[in-house]
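First the structure, in the form of C-alpha cells, and then the observations on it.
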Amino acid sequence: MMHFIAKILRLALVILMGALVLSVTWQVLSRYVLDQPASWTEEAARFLLVWVGVLGAAAVSYSREHLAIDLLPRRLQGRRALALRVFIECMVLAFALVAMVIGGSRLVMITWELNQLTPALGLPTAVLYLVVPLSGALMVLFSCLQIVTLLSQSEPHLSDSDTAMKES
Amino acid sequence: MVELALIGVFFVLLFLGVPVAFCIGLATAVAMSLSIDWLAAVTTIAQRMAGGINSFALLAVPLFILSGQLMSSGGIAQRLVTFARSLVGQLPGGLAFVNVISCTLFGAISGSAVAATSAVGGVMVPAMEEDHYDRDFSAALTATAATTGLLIPPSNILIVYAVASGGVSIAALFLGGYLPGLIVALCLMVVCAVYARGRDLAGVNIASAPPIARSFLQAGPSLFLIVLVIGGIIGGVFTATEAGAIAVIYALVLSLIYREMTLKDLPEILLRAAQTTAVVMVLVGTSIAMSWLLAFQNVPTVVADALLSISDNPLLLLLLINIVLLVVGSFMDMTPAVLIFTPIFLPIATQLGMSPLHFGIMMVLNLCIGLCTPPVGSVLFVSCAVAKTTIERMIRPLMPMYLAMIAALLLVTYVPEVSEALPRAFGFYQ
C-alpha cells in the first residue's frame with residue numbers, strides 16, 4: 001500500500017518536472033519561433049515549481065534524504081539511537097501536521113473563500129496552495145509508518161538492539 | 001524572548017539530527033506562536049513557504065539542477081580530466097593542478113560541489129596516489145577545489161542570493177562570479193605548487209598525455225554549456241531562467257549523443273532532479289518564513305545598530321561580518337544561510353558603501369569555505385568517502401588550503417573591482 005502511494009507520488013513528480021522544463025522551453029521558443037511570446041508559460045512554470053518543490057518534499061521524506069546533520073545519530077548506538085531516530089521522525093511529523101496540514105488547509109480555505117484567481121491562467125490560488133496540506137498529509141503518513149517500523153524492529157531485539165540498528 | 005526561542009529550538013533540533021529544513025520550520029513556528037495566535041502563525045508559515053517558492057528567478061534552480069545531473073556522468077568528468085591533463089599535466093605538481101582545474105570546470109557545469117567532488121575525486125585521487133601524492137592531500141584538494149565551481153555560472157546559490165537580496169540581477173551575479181571563482185582556483189594552485197616543490201613531485205610524462213587540440217575537442221561540447229548559458233544571457237537572447245531550460249535541452253542532446261544515457265533513463269533522471277529540487281525548495285520555503293519572522297521582529301535593525309555601535313570602521317565591520325558568516329557556514333547549509341543572513345547583513349553592508357552585487361559574491365565565497373569546514377561541511381564528507389580517509393587526517397593538508405581560500409576571500413571583500421569589473425564591462429552593472 002505504502003509502496004503504491006510512493007509510486008504514484010514519484011510518477012506525479014516526473015510529470016510535473018517534465019512539464020516545468022517544457023513550459024520554460026516553450027517560453028523561449030514561442031518568442032523566437034512564433035514571434036509572439038506565450039502569456040501563460042511563466043505563471044504555469046512557477047506553479048509547477050511550487051508543486052515540485054513541496055510535493056517533492058514528501059517523496060524526499062519517504063526516502064529520508066532531507067539534509068540533516070547526523071553527527072549525533074551516527075555516534076549513538078542501541079536503544080539511544082533508536083529513541084533519537086523516533087524523536088527525529090516525531091519532529092518531522094509535528095511540522096508536517098501543524099504547519100503543512102493545519103496551516104496549509106487554513107490557507108487553502110481562506111484563499112478559496114476570497115475567490116482569488118491567478119492573473120494569467122485564471123486558476124484559483126487555492127489550487128496552488130493545495131499542495132501544502134497534500135504534501136503534509138503524505139509526510140505525516142510516511143513518518144507514522146517509519147515510527148511503527150522503527151519500534152516494531154526493535155521489540156524482539158531489545159537485549160541486543162545494537163546489532164538490529166546496524167542492519168537497518 | 002521570541003529570538004531566544006527561535007535560536008534555542010533551532011540549535012537543539014539541529015544538533016539532535018532533525019533535518020535542517022524542519023529545524024528552521026519548527027523554530028519559526030514555536031517562536032512565531034509566542035508573539036501571535038498559533039493558528040495564524042502556522043497559516044503564515046504555510047503561506048510564506050509556498051509564496052516564497054513561487055518566484056520566476058527560482059525557476060532557474062530546478063533547471064540547472066537537471067542540466068547539472070545530466071552532465072554529471074562519469075564520462076564527462078573523465079573527458080574534463082583528460083583535457084586538464086594535456087593542459088597543465090607536464091608542469092611540476094601537474095596532477096594537483098589537473099585536479100583543481102577539473103574540479104572547477106566540473107563544478108561549474110554540474111552546479112554541484114558534491115557532484116564535482118565525487119566525480120572528479122573518483123578519477124583524480126587514485127591517479128594522484130599512483131604518482132606519489134599523499135592521499136589526504138588529494139582528498140583535501142578535491143574538496144576545496146570543488147567549491148570554486150559554485151561561484152562560476154551557472155550557479156544556483158547565486159540565484160538564491162538574487163532572490164534574497166530582492167533584485168540584484170542574476171546576469172550581473174553570474175558575470176561577477178567568474179573572477180572570484182578563478183582567483184580561488186589560482187590560490188589553491190599556489191598551495192599545490194609549494195607542495196609539489198617540497199616533495200619534488202615531477203609532472204606527468206608529456207608523451208602520455210594526449211595533444212591539447214584533441215582533448216579539447218572531446219571536452220569542448222561539455223564546456224560549451226557554460227558559454228551557451230552566459231552568452232545567451234549577455235546577448236539578451238534569453239533570461240537566466242530561460243537559460244536553464246536551454247541548458248537542459250543542450251545537456252540532454254549531448255548526453256544522448258555521447259550515449260551517457262538513453263531516453264528510457266529520462267523518467268529516473270527527472271525524478272532525481274525533482275527530489276534534489278525539493279530538498280532545496282523546502283529549505284528555501286522554511287528559510288523565507290524564518291526570514292519573515294526576523295523582519296517582523298525587527299532583528300535586522302537591532303543587529304545593524306549593535307554592529308555599528310561596536311565600530312564605524314568599514315574594514316573592521318566587514319571582517320566581523322565575514323567571521324560570523326564563516327562560523328554560520330561551518331554548520332549551516334548555504335541556501336538557508338543566504339536566505340536568512342542576507343536580509344540581516346546586506347543593509348549594513350550597503351550602509352558601509354558596499355554594493356549588493358559585491359556583497360553577494362563575498363557571501364557566497366565565504367560560505368563555500370564553510371562547505372569544507374568541519375564539523376558539518378558536506379563536501380568534506382563526500383571527499384572523505386571518495387578517498388577512503390578520515391576528516392581528522394584531512395585537517396593538516398586542509399590548513400594551507402583554508403589560508404589560500406581566506407586570502408581570496410579578503411581580496412574579494414576589500415577589492416570591489418574583482419566582483420564588479422566583469423558585470424560593468426558587459427553593461428549589467430552601472
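Residue numbering restarts at 1 for every chain of the C-alpha cells, chains are lettered A, B, ... in their displayed order, and ligands are numbered from 1 as they appear.
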Practice prompt. Kindly determine which residues of chain A lie within 8 Å of chain B, considering only C-alpha atoms, and give the answer as a PyMOL selection string.
Written response: chain A and resi 10+13-14+17-18+21-22+24-25+27-28+42+45-47+49-50+52-57+59-60+65-73+84+88-89+91-92+95+98-100+102-104+106-107+129+132
Pick out the residues sitting within 10 Å of Tyr178 of chain B, and hand them over as a PDB file with all heavy atoms, in the first residue's frame; count only C-alpha atoms, and ignore anything fewer than 2 positions along from it in its own chain.
```pdb
ATOM      1  N   ALA B 108      31.428  23.958 -12.163  1.00  0.00           N
ATOM      2  CA  ALA B 108      30.669  24.987 -12.879  1.00  0.00           C
ATOM      3  C   ALA B 108      29.575  24.348 -13.723  1.00  0.00           C
ATOM      4  O   ALA B 108      28.421  24.771 -13.693  1.00  0.00           O
ATOM      5  CB  ALA B 108      31.602  25.815 -13.757  1.00  0.00           C
ATOM      6  N   THR B 148      34.837  25.894  -5.823  1.00  0.00           N
ATOM      7  CA  THR B 148      35.006  27.051  -6.716  1.00  0.00           C
ATOM      8  C   THR B 148      33.958  27.061  -7.815  1.00  0.00           C
ATOM      9  O   THR B 148      33.553  28.117  -8.274  1.00  0.00           O
ATOM     10  CB  THR B 148      36.396  27.050  -7.386  1.00  0.00           C
ATOM     11  OG1 THR B 148      36.547  25.794  -8.051  1.00  0.00           O
ATOM     12  CG2 THR B 148      37.501  27.223  -6.387  1.00  0.00           C
ATOM     13  N   GLY B 149      33.510  25.866  -8.210  1.00  0.00           N
ATOM     14  CA  GLY B 149      32.508  25.783  -9.266  1.00  0.00           C
ATOM     15  C   GLY B 149      31.209  26.478  -8.897  1.00  0.00           C
ATOM     16  O   GLY B 149      30.426  26.844  -9.769  1.00  0.00           O
ATOM     17  N   LEU B 150      30.955  26.667  -7.604  1.00  0.00           N
ATOM     18  CA  LEU B 150      29.708  27.299  -7.169  1.00  0.00           C
ATOM     19  C   LEU B 150      29.695  28.792  -7.472  1.00  0.00           C
ATOM     20  O   LEU B 150      28.644  29.426  -7.500  1.00  0.00           O
ATOM     21  CB  LEU B 150      29.494  27.089  -5.661  1.00  0.00           C
ATOM     22  CG  LEU B 150      29.336  25.642  -5.238  1.00  0.00           C
ATOM     23  CD1 LEU B 150      29.075  25.544  -3.753  1.00  0.00           C
ATOM     24  CD2 LEU B 150      28.192  24.988  -6.004  1.00  0.00           C
ATOM     25  N   LEU B 151      30.888  29.378  -7.670  1.00  0.00           N
ATOM     26  CA  LEU B 151      30.944  30.806  -7.984  1.00  0.00           C
ATOM     27  C   LEU B 151      30.870  31.031  -9.491  1.00  0.00           C
ATOM     28  O   LEU B 151      30.588  32.132  -9.950  1.00  0.00           O
ATOM     29  CB  LEU B 151      32.250  31.401  -7.457  1.00  0.00           C
ATOM     30  CG  LEU B 151      32.274  31.715  -5.961  1.00  0.00           C
ATOM     31  CD1 LEU B 151      33.700  31.824  -5.474  1.00  0.00           C
ATOM     32  CD2 LEU B 151      31.526  33.007  -5.696  1.00  0.00           C
ATOM     33  N   ILE B 152      31.191  29.986 -10.255  1.00  0.00           N
ATOM     34  CA  ILE B 152      31.241  30.142 -11.704  1.00  0.00           C
ATOM     35  C   ILE B 152      29.916  29.684 -12.297  1.00  0.00           C
ATOM     36  O   ILE B 152      29.458  28.585 -12.000  1.00  0.00           O
ATOM     37  CB  ILE B 152      32.433  29.343 -12.278  1.00  0.00           C
ATOM     38  CG1 ILE B 152      33.735  29.913 -11.698  1.00  0.00           C
ATOM     39  CG2 ILE B 152      32.442  29.400 -13.792  1.00  0.00           C
ATOM     40  CD1 ILE B 152      34.964  29.149 -12.052  1.00  0.00           C
ATOM     41  N   PRO B 153      29.269  30.540 -13.081  1.00  0.00           N
ATOM     42  CA  PRO B 153      27.924  30.221 -13.580  1.00  0.00           C
ATOM     43  C   PRO B 153      27.906  29.013 -14.502  1.00  0.00           C
ATOM     44  O   PRO B 153      28.923  28.725 -15.129  1.00  0.00           O
ATOM     45  CB  PRO B 153      27.537  31.486 -14.343  1.00  0.00           C
ATOM     46  CG  PRO B 153      28.806  32.189 -14.638  1.00  0.00           C
ATOM     47  CD  PRO B 153      29.762  31.827 -13.539  1.00  0.00           C
ATOM     48  N   LEU B 173      25.277  38.915 -11.310  1.00  0.00           N
ATOM     49  CA  LEU B 173      25.892  37.999 -10.346  1.00  0.00           C
ATOM     50  C   LEU B 173      26.680  36.905 -11.061  1.00  0.00           C
ATOM     51  O   LEU B 173      27.789  36.548 -10.655  1.00  0.00           O
ATOM     52  CB  LEU B 173      24.815  37.369  -9.458  1.00  0.00           C
ATOM     53  CG  LEU B 173      24.258  38.265  -8.359  1.00  0.00           C
ATOM     54  CD1 LEU B 173      22.970  37.687  -7.805  1.00  0.00           C
ATOM     55  CD2 LEU B 173      25.277  38.443  -7.245  1.00  0.00           C
ATOM     56  N   PHE B 174      26.080  36.365 -12.128  1.00  0.00           N
ATOM     57  CA  PHE B 174      26.759  35.310 -12.886  1.00  0.00           C
ATOM     58  C   PHE B 174      28.101  35.820 -13.404  1.00  0.00           C
ATOM     59  O   PHE B 174      29.132  35.176 -13.258  1.00  0.00           O
ATOM     60  CB  PHE B 174      25.882  34.842 -14.053  1.00  0.00           C
ATOM     61  CG  PHE B 174      24.918  33.742 -13.672  1.00  0.00           C
ATOM     62  CD1 PHE B 174      24.694  33.425 -12.346  1.00  0.00           C
ATOM     63  CD2 PHE B 174      24.244  33.020 -14.659  1.00  0.00           C
ATOM     64  CE1 PHE B 174      23.813  32.407 -11.998  1.00  0.00           C
ATOM     65  CE2 PHE B 174      23.363  31.998 -14.309  1.00  0.00           C
ATOM     66  CZ  PHE B 174      23.148  31.693 -12.991  1.00  0.00           C
ATOM     67  N   LEU B 175      28.079  37.033 -14.013  1.00  0.00           N
ATOM     68  CA  LEU B 175      29.329  37.578 -14.542  1.00  0.00           C
ATOM     69  C   LEU B 175      30.291  37.895 -13.409  1.00  0.00           C
ATOM     70  O   LEU B 175      31.503  37.708 -13.530  1.00  0.00           O
ATOM     71  CB  LEU B 175      29.035  38.843 -15.353  1.00  0.00           C
ATOM     72  CG  LEU B 175      28.464  38.580 -16.743  1.00  0.00           C
ATOM     73  CD1 LEU B 175      27.874  39.847 -17.332  1.00  0.00           C
ATOM     74  CD2 LEU B 175      29.541  38.023 -17.656  1.00  0.00           C
ATOM     75  N   GLY B 176      29.752  38.362 -12.295  1.00  0.00           N
ATOM     76  CA  GLY B 176      30.591  38.737 -11.163  1.00  0.00           C
ATOM     77  C   GLY B 176      31.284  37.555 -10.509  1.00  0.00           C
ATOM     78  O   GLY B 176      32.310  37.718  -9.853  1.00  0.00           O
ATOM     79  N   PRO B 180      36.233  35.913  -9.073  1.00  0.00           N
ATOM     80  CA  PRO B 180      36.485  35.346  -7.738  1.00  0.00           C
ATOM     81  C   PRO B 180      36.656  33.829  -7.777  1.00  0.00           C
ATOM     82  O   PRO B 180      37.542  33.292  -7.104  1.00  0.00           O
ATOM     83  CB  PRO B 180      35.230  35.743  -6.952  1.00  0.00           C
ATOM     84  CG  PRO B 180      34.749  36.981  -7.620  1.00  0.00           C
ATOM     85  CD  PRO B 180      35.059  36.798  -9.071  1.00  0.00           C
ATOM     86  N   GLY B 181      35.863  33.135  -8.580  1.00  0.00           N
ATOM     87  CA  GLY B 181      35.988  31.685  -8.691  1.00  0.00           C
ATOM     88  C   GLY B 181      37.377  31.296  -9.187  1.00  0.00           C
ATOM     89  O   GLY B 181      38.033  30.406  -8.641  1.00  0.00           O
ATOM     90  N   LEU B 182      37.829  32.009 -10.234  1.00  0.00           N
ATOM     91  CA  LEU B 182      39.145  31.700 -10.790  1.00  0.00           C
ATOM     92  C   LEU B 182      40.250  32.063  -9.800  1.00  0.00           C
ATOM     93  O   LEU B 182      41.266  31.366  -9.710  1.00  0.00           O
ATOM     94  CB  LEU B 182      39.345  32.455 -12.115  1.00  0.00           C
ATOM     95  CG  LEU B 182      38.423  31.990 -13.241  1.00  0.00           C
ATOM     96  CD1 LEU B 182      38.647  32.790 -14.509  1.00  0.00           C
ATOM     97  CD2 LEU B 182      38.636  30.495 -13.526  1.00  0.00           C
ATOM     98  N   ILE B 183      40.034  33.140  -9.030  1.00  0.00           N
ATOM     99  CA  ILE B 183      41.055  33.544  -8.052  1.00  0.00           C
ATOM    100  C   ILE B 183      41.215  32.468  -6.970  1.00  0.00           C
ATOM    101  O   ILE B 183      42.337  32.119  -6.589  1.00  0.00           O
ATOM    102  CB  ILE B 183      40.702  34.910  -7.439  1.00  0.00           C
ATOM    103  CG1 ILE B 183      40.980  36.000  -8.475  1.00  0.00           C
ATOM    104  CG2 ILE B 183      41.494  35.168  -6.164  1.00  0.00           C
ATOM    105  CD1 ILE B 183      40.502  37.366  -8.078  1.00  0.00           C
ATOM    106  N   ILE B 361      28.629  38.195  -3.833  1.00  0.00           N
ATOM    107  CA  ILE B 361      29.766  37.373  -4.244  1.00  0.00           C
ATOM    108  C   ILE B 361      30.623  37.031  -3.022  1.00  0.00           C
ATOM    109  O   ILE B 361      31.051  35.890  -2.821  1.00  0.00           O
ATOM    110  CB  ILE B 361      30.622  38.109  -5.301  1.00  0.00           C
ATOM    111  CG1 ILE B 361      29.772  38.476  -6.513  1.00  0.00           C
ATOM    112  CG2 ILE B 361      31.833  37.282  -5.693  1.00  0.00           C
ATOM    113  CD1 ILE B 361      29.405  37.342  -7.402  1.00  0.00           C
ATOM    114  N   VAL B 418      37.084  43.233  -8.206  1.00  0.00           N
ATOM    115  CA  VAL B 418      37.178  41.811  -8.523  1.00  0.00           C
ATOM    116  C   VAL B 418      35.793  41.260  -8.871  1.00  0.00           C
ATOM    117  O   VAL B 418      35.627  40.472  -9.799  1.00  0.00           O
ATOM    118  CB  VAL B 418      37.782  41.026  -7.335  1.00  0.00           C
ATOM    119  CG1 VAL B 418      37.754  39.530  -7.592  1.00  0.00           C
ATOM    120  CG2 VAL B 418      39.194  41.498  -7.069  1.00  0.00           C
ATOM    121  N   SER B 419      34.775  41.702  -8.141  1.00  0.00           N
ATOM    122  CA  SER B 419      33.426  41.214  -8.396  1.00  0.00           C
ATOM    123  C   SER B 419      32.686  42.071  -9.420  1.00  0.00           C
ATOM    124  O   SER B 419      31.795  41.585 -10.099  1.00  0.00           O
ATOM    125  CB  SER B 419      32.605  41.211  -7.108  1.00  0.00           C
ATOM    126  OG  SER B 419      33.351  40.739  -6.032  1.00  0.00           O
ATOM    127  N   LEU B 422      33.724  42.695 -14.363  1.00  0.00           N
ATOM    128  CA  LEU B 422      33.128  41.991 -15.497  1.00  0.00           C
ATOM    129  C   LEU B 422      31.676  42.409 -15.739  1.00  0.00           C
ATOM    130  O   LEU B 422      31.314  42.730 -16.869  1.00  0.00           O
ATOM    131  CB  LEU B 422      33.216  40.480 -15.298  1.00  0.00           C
ATOM    132  CG  LEU B 422      34.441  39.780 -15.886  1.00  0.00           C
ATOM    133  CD1 LEU B 422      34.335  38.280 -15.683  1.00  0.00           C
ATOM    134  CD2 LEU B 422      34.574  40.097 -17.361  1.00  0.00           C
ATOM    135  N   PRO B 423      30.822  42.418 -14.698  1.00  0.00           N
ATOM    136  CA  PRO B 423      29.442  42.853 -14.948  1.00  0.00           C
ATOM    137  C   PRO B 423      29.384  44.263 -15.521  1.00  0.00           C
ATOM    138  O   PRO B 423      28.554  44.560 -16.383  1.00  0.00           O
ATOM    139  CB  PRO B 423      28.796  42.820 -13.556  1.00  0.00           C
ATOM    140  CG  PRO B 423      29.638  41.919 -12.748  1.00  0.00           C
ATOM    141  CD  PRO B 423      31.019  41.989 -13.311  1.00  0.00           C
TER     142      PRO B 423
END
```
Discussion item. Please compute the atom CA of Leu371 of chain B-atom CA of Leu188 of chain B distance, one decimal, in Å.
Written reply: 15.6 Å
Response to the item:
Of B:Val114, B:Leu6, B:Val299, B:Ala425, the one sitting nearest Ile344 of chain B when using only C-alpha atoms is B:Val299
Discussion item. For a test of reading the model, state the distance in Å between atom CA of Leu150 of chain A and atom CA of Ala385 of chain B, rounded to one decimal.
Written reply: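 Between these atoms lies a distance of 27.1 Å.
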Discussion item. Give me, as a ChimeraX atom specification, the residues of chain A that a backbone DSSP run labels helix (DSSP H, G or I).
Written reply: /A:2-32,41-62,71-75,78-114,125-129,131-157,161-167
Surrounding residues of segment 289-296 of chain B excluding itself and chain neighbours under 4 positions, 6 Å, only C-alpha atoms, as a compact mmCIF listing (two decimals) with all heavy atoms, in the first residue's frame:
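So the final result, stored in around-v1.txt, reads:
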```txt
# COMPACT_ATOMS: atom_id res chain seq x y z
N THR B 28 10.73 28.44 13.70
CA THR B 28 9.90 29.57 13.30
C THR B 28 8.49 29.44 13.87
O THR B 28 7.93 30.41 14.39
CB THR B 28 9.82 29.65 11.75
OG1 THR B 28 11.15 29.59 11.24
CG2 THR B 28 9.15 30.93 11.30
N ILE B 45 3.18 30.64 8.06
CA ILE B 45 4.32 29.83 7.63
C ILE B 45 3.99 29.09 6.34
O ILE B 45 4.79 29.08 5.39
CB ILE B 45 4.74 28.84 8.74
CG1 ILE B 45 5.34 29.62 9.91
CG2 ILE B 45 5.74 27.82 8.21
CD1 ILE B 45 5.64 28.77 11.12
N ARG B 48 4.05 31.62 3.55
CA ARG B 48 5.41 32.07 3.21
C ARG B 48 6.16 30.98 2.45
O ARG B 48 6.92 31.26 1.54
CB ARG B 48 6.19 32.41 4.48
CG ARG B 48 5.76 33.67 5.17
CD ARG B 48 6.19 34.89 4.42
NE ARG B 48 5.06 35.80 4.34
CZ ARG B 48 5.01 36.90 3.63
NH1 ARG B 48 6.05 37.25 2.90
NH2 ARG B 48 3.94 37.65 3.61
N ILE B 340 18.64 33.60 5.14
CA ILE B 340 18.40 34.15 6.47
C ILE B 340 19.34 35.32 6.76
O ILE B 340 18.93 36.32 7.34
CB ILE B 340 18.54 33.04 7.54
CG1 ILE B 340 17.41 32.03 7.36
CG2 ILE B 340 18.50 33.63 8.95
CD1 ILE B 340 17.58 30.76 8.16
```
Fill in: d(atom CA of Gly370 of chain B, atom CA of Leu326 of chain B) in Å
6.0 Å
Worksheet item: Any idea what's packed within 10 Å of Ile5 of chain A, counting only C-alpha atoms, ignoring anything in its chain fewer than 4 positions away? Could you give it as a list in words?
Response: Met1, Leu9, Arg10, Leu11, Ala59, Leu138 and Phe142 of chain A
Item to complete: Would you mind listing what lies within 6 Å of Ala139 of chain B as a list in words, with only C-alpha atoms counted and same-chain residues fewer than 2 positions away left out?
Response: Asp136, Phe137, Leu141, Thr142, Ser383 and Ala387 of chain B
Discussion item. For segment 303-308 of chain B, find every residue with an atom within 10 Å (counting only C-alpha atoms), except residues of its own chain fewer than 2 positions away, and show them as a list in words.
Written reply: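 In the requested form, the answer reads Asn298, Val299, Pro300, Thr301, Ile310, Ser311, Asp312, Asn313, Pro314, Leu317, Leu320, Ile321, Ile344, Phe345, Leu346, Pro347, Ile348, Ala349, Gln351 and Leu352 of chain B.
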Practice prompt. Just the residues within 7 Å of Met139 of chain A, please, counting only C-alpha atoms, with nothing from its chain fewer than 4 positions along; format it as an MDAnalysis selection string.
Written response: chainID A and resid 58 61 93 96 135 143
